[in-house]
Amino acid sequence: MDSTVASTGTEEKTWGGGNEPLKASYGKMMMWFFIVSDALTFSAFLAAYGFSRFKFINEWPIADEVFTHVPFLHGQELPMIYVAFMTFVLIMSSVTMVLAVDAGHHMNKAKVTIYMFLTIIGGAIFVGSQAWEWATFIQGDYGAVQTKGGNILQFGEYVTVDGVEKFKRVSIEDLAIAQASERTSHERKNGLWFTEEGTLPPYTVNEIYAGLVANENVLVRNQFLDEKGHKTILSREESLSQLKENGKLVVKGANLQVNEYGTTLFADFFFFITGFHGFHVLSGVIINIIIFFNVVLGTYERRGSYEMVEKVGLYWHFVDLVWVFVFTFFYLV
């Protein structure tokens with residue numbers, strides 16, 4: 001009995017999975033190799049963050065107090081709202097990429113063009129949002145004083161909101177009492193060659209101490225957690241004593257040397273891991289733009305295959321998946 005096998009004519013083409021191994025083209029195999037190696041790199045970074053996070057669990061910054069800003073809504077504390085928006089945009093860009101790949105399977109140039117464009121817009125919004133978040137994190141919020149041991153002292157007062165007493169932060173600008181000073185930063189041309197100080201702090205510890213003495217309702221909060229999981233608030237006497245005896249440097253914002261929100265290690269990991277992921281997203285946006293113009297020009301129509309869209313889609317889904325883990329580690333845990 002003869003058996004007839006229908007032929008579609010695509011068996012030997014890359015889109016038909018006719019190449020070996022694993023019925024995948026060389027390009028898709030190389031993309032998978034890259035994704036696996038990059039996944040191992042991100043895993044190592046997040047594992048290092050996790051070990052550090054739980055080693056210093058009692059002094060790690062609380063994410064709800066760090067990431068509270070939303071563009072155009074100055075003065076309002078909205079914990080995690082903008083980060084959630086960024087995450088939603090990136091996930092939705094992954095959805096539009098799926099739709100672009102599906103449209104490519106059906107050789108529908110118009111839909112591939114639309115969905116690729118939406119993916120690019122989503123990626124651009126995410127990269128811009130991350131840049132804004134970096135700028136906000138670097139600029140700082142209320143300011144603090146770093147102690148001789150490297151710990152952070154923050155300032156605030158108890159206020160009653162809707163019948164509930166809560167600790168409200170006070171900025172160093174509102175607290176400090178300016179004093180006459182001739183302190184200038186050291187430049188290379190003065191003294192030692194090739195040695196130069198960074199920007200001087202906005203205030204001195206003495207100016208902050210004078211403001212603390214003058215405002216009897218202001219207390220100091222250190223970076224260590226109490227039994228309720230909140231940062232420890234010192235008594236009035238302890239606040240004055242701690243600042244006078246251990247205050248070393250006034251800190252505003254965060255960088256690789258200081259961090260007003262808590263341990264400097266948090267800022268180091270934040271800049272490195274989110275920056276590394278942001279570089280991946282930016283690279284993905286640039287690649288998507290190149291593929292988008294190729295789609296518009298009909299390059300893949302002439303090839304008879306939209307496999308390039310599928311390959312860049314694999315990379316984009318990987319970037320989205322990595323952000324889910326970064327979001328969980330930095331913002332939720």
# chains A, B, ... in the order shown; residues from 1 in each chain; ligands from 1
>>> residues_around(residues="range 120-134 of chain A", least_positions_apart="3", cutoff="8 Å", atoms="only C-alpha atoms", output="JSON, numbers by chain")
{"A": [86, 87, 89, 90, 92, 93, 116, 117, 137, 138, 271, 278, 281, 282, 284, 285, 288, 289]}
>>> residues_around(residues="Asn294 in chain A", least_positions_apart="5", cutoff="10 Å", atoms="only C-alpha atoms", output="list of chain:residue names")
A:Thr113, A:Asn288, A:Ile289, A:Thr299, A:Tyr300, A:Glu301, A:Met308, A:Val309
>>> write_last_selection(atoms="N, CA, C and O atoms", output="compact mmCIF listing (two decimals), in the first residue's frame")
# COMPACT_ATOMS: atom_id res chain seq x y z
N THR A 113 5.08 45.23 11.32
CA THR A 113 5.52 46.63 11.42
C THR A 113 4.89 47.31 12.63
O THR A 113 5.58 47.97 13.42
N ASN A 288 16.06 46.27 17.75
CA ASN A 288 14.66 46.28 17.28
C ASN A 288 14.43 47.37 16.23
O ASN A 288 13.67 47.18 15.28
N ILE A 289 15.07 48.51 16.42
CA ILE A 289 14.93 49.60 15.44
C ILE A 289 15.51 49.17 14.09
O ILE A 289 14.91 49.41 13.03
N THR A 299 12.75 43.71 3.49
CA THR A 299 13.88 42.79 3.41
C THR A 299 13.47 41.35 3.66
O THR A 299 13.86 40.44 2.92
N TYR A 300 12.65 41.15 4.69
CA TYR A 300 12.28 39.78 5.05
C TYR A 300 11.18 39.24 4.16
O TYR A 300 11.03 38.01 4.03
N GLU A 301 10.42 40.11 3.56
CA GLU A 301 9.44 39.67 2.55
C GLU A 301 10.18 39.05 1.37
O GLU A 301 9.77 38.00 0.85
N MET A 308 14.47 36.65 11.50
CA MET A 308 15.21 37.66 12.27
C MET A 308 14.33 38.27 13.36
O MET A 308 14.81 38.60 14.45
N VAL A 309 13.05 38.43 13.07
CA VAL A 309 12.13 38.94 14.08
C VAL A 309 12.02 37.96 15.23
O VAL A 309 11.98 38.35 16.41
>>> residues_around(residues="Ala48 in chain A", least_positions_apart="4", cutoff="12 Å", atoms="only C-alpha atoms", output="ChimeraX atom specification")
/A:41-44,52-55,265-266,268-269,272-273,329
>>> write_last_selection(atoms="N, CA and C atoms", output="tab-separated table (two decimals), in the first residue's frame")
chain	number	residue	atom	x	y	z
A	41	THR	N	25.37	34.75	33.84
A	41	THR	CA	25.98	35.99	34.34
A	41	THR	C	25.04	36.73	35.28
A	42	PHE	N	23.79	36.90	34.85
A	42	PHE	CA	22.81	37.58	35.71
A	42	PHE	C	22.57	36.78	36.98
A	43	SER	N	22.56	35.47	36.88
A	43	SER	CA	22.35	34.63	38.06
A	43	SER	C	23.46	34.86	39.09
A	44	ALA	N	24.69	34.98	38.61
A	44	ALA	CA	25.81	35.22	39.53
A	44	ALA	C	25.66	36.58	40.21
A	52	SER	N	24.63	39.25	50.03
A	52	SER	CA	24.89	40.51	50.73
A	52	SER	C	23.64	41.02	51.42
A	53	ARG	N	22.50	40.86	50.73
A	53	ARG	CA	21.22	41.34	51.28
A	53	ARG	C	20.91	40.68	52.61
A	54	PHE	N	21.13	39.39	52.71
A	54	PHE	CA	20.77	38.69	53.94
A	54	PHE	C	21.90	38.68	54.96
A	55	LYS	N	23.11	38.98	54.52
A	55	LYS	CA	24.19	39.15	55.49
A	55	LYS	C	23.98	40.43	56.28
A	265	LEU	N	26.68	49.42	50.04
A	265	LEU	CA	26.65	48.20	49.23
A	265	LEU	C	25.35	48.11	48.43
A	266	PHE	N	24.26	48.62	48.99
A	266	PHE	CA	22.99	48.61	48.27
A	266	PHE	C	23.07	49.46	47.00
A	268	ASP	N	25.79	50.25	45.37
A	268	ASP	CA	26.73	49.62	44.43
A	268	ASP	C	26.02	48.56	43.60
A	269	PHE	N	25.27	47.69	44.27
A	269	PHE	CA	24.54	46.65	43.56
A	269	PHE	C	23.46	47.24	42.67
A	272	PHE	N	25.05	48.74	39.52
A	272	PHE	CA	25.69	47.73	38.68
A	272	PHE	C	24.66	46.83	38.00
A	273	ILE	N	23.74	46.26	38.77
A	273	ILE	CA	22.81	45.28	38.20
A	273	ILE	C	21.74	45.94	37.34
A	329	PHE	N	14.13	40.96	43.41
A	329	PHE	CA	15.22	41.05	44.35
A	329	PHE	C	15.36	42.44	44.95
>>> closest_residue(among="A:Ile172, A:Val112, A:Leu219, A:Val333", to="Gly298 in chain A", atoms="only C-alpha atoms")
A:Val112
>>> residues_around(residues="Trp316 in chain A", least_positions_apart="2", cutoff="8 Å", atoms="only C-alpha atoms", output="list in words")
Ser94, Met97, Val281, Gly284, Val312, Gly313, Leu314, Phe318, Val319 and Asp320 of chain A
>>> atom_distance(atom1="CA of Thr232 in chain A", atom2="CA of Val326 in chain A")
27.6 Å
>>> decode(residues="range 57-71 of chain A", atoms="N, CA and C atoms", output="compact mmCIF listing (two decimals), in the first residue's frame")
# COMPACT_ATOMS: atom_id res chain seq x y z
N ILE A 57 20.98 42.01 56.69
CA ILE A 57 19.52 42.09 56.65
C ILE A 57 18.97 43.15 57.60
N ASN A 58 19.66 43.39 58.72
CA ASN A 58 19.14 44.34 59.70
C ASN A 58 19.51 45.78 59.41
N GLU A 59 20.27 46.02 58.36
CA GLU A 59 20.66 47.40 58.04
C GLU A 59 20.45 47.74 56.58
N TRP A 60 19.75 46.86 55.84
CA TRP A 60 19.51 47.09 54.43
C TRP A 60 18.39 48.12 54.25
N PRO A 61 18.50 49.01 53.28
CA PRO A 61 17.43 50.00 53.06
C PRO A 61 16.09 49.33 52.74
N ILE A 62 15.01 49.97 53.16
CA ILE A 62 13.66 49.48 52.87
C ILE A 62 13.22 50.08 51.54
N ALA A 63 12.90 49.22 50.57
CA ALA A 63 12.60 49.68 49.21
C ALA A 63 11.43 50.65 49.18
N ASP A 64 10.44 50.43 50.04
CA ASP A 64 9.26 51.31 50.06
C ASP A 64 9.61 52.74 50.47
N GLU A 65 10.75 52.93 51.11
CA GLU A 65 11.18 54.26 51.51
C GLU A 65 12.16 54.87 50.51
N VAL A 66 12.71 54.05 49.64
CA VAL A 66 13.70 54.53 48.68
C VAL A 66 13.05 54.92 47.36
N PHE A 67 12.21 54.03 46.84
CA PHE A 67 11.61 54.24 45.51
C PHE A 67 10.17 54.73 45.67
N THR A 68 10.06 56.00 45.98
CA THR A 68 8.74 56.57 46.27
C THR A 68 8.33 57.67 45.29
N HIS A 69 9.18 57.98 44.33
CA HIS A 69 8.93 59.13 43.47
C HIS A 69 8.21 58.74 42.18
N VAL A 70 7.44 59.68 41.69
CA VAL A 70 6.75 59.55 40.41
C VAL A 70 6.94 60.86 39.65
N PRO A 71 7.30 60.81 38.37
CA PRO A 71 7.49 62.06 37.61
C PRO A 71 6.26 62.96 37.64
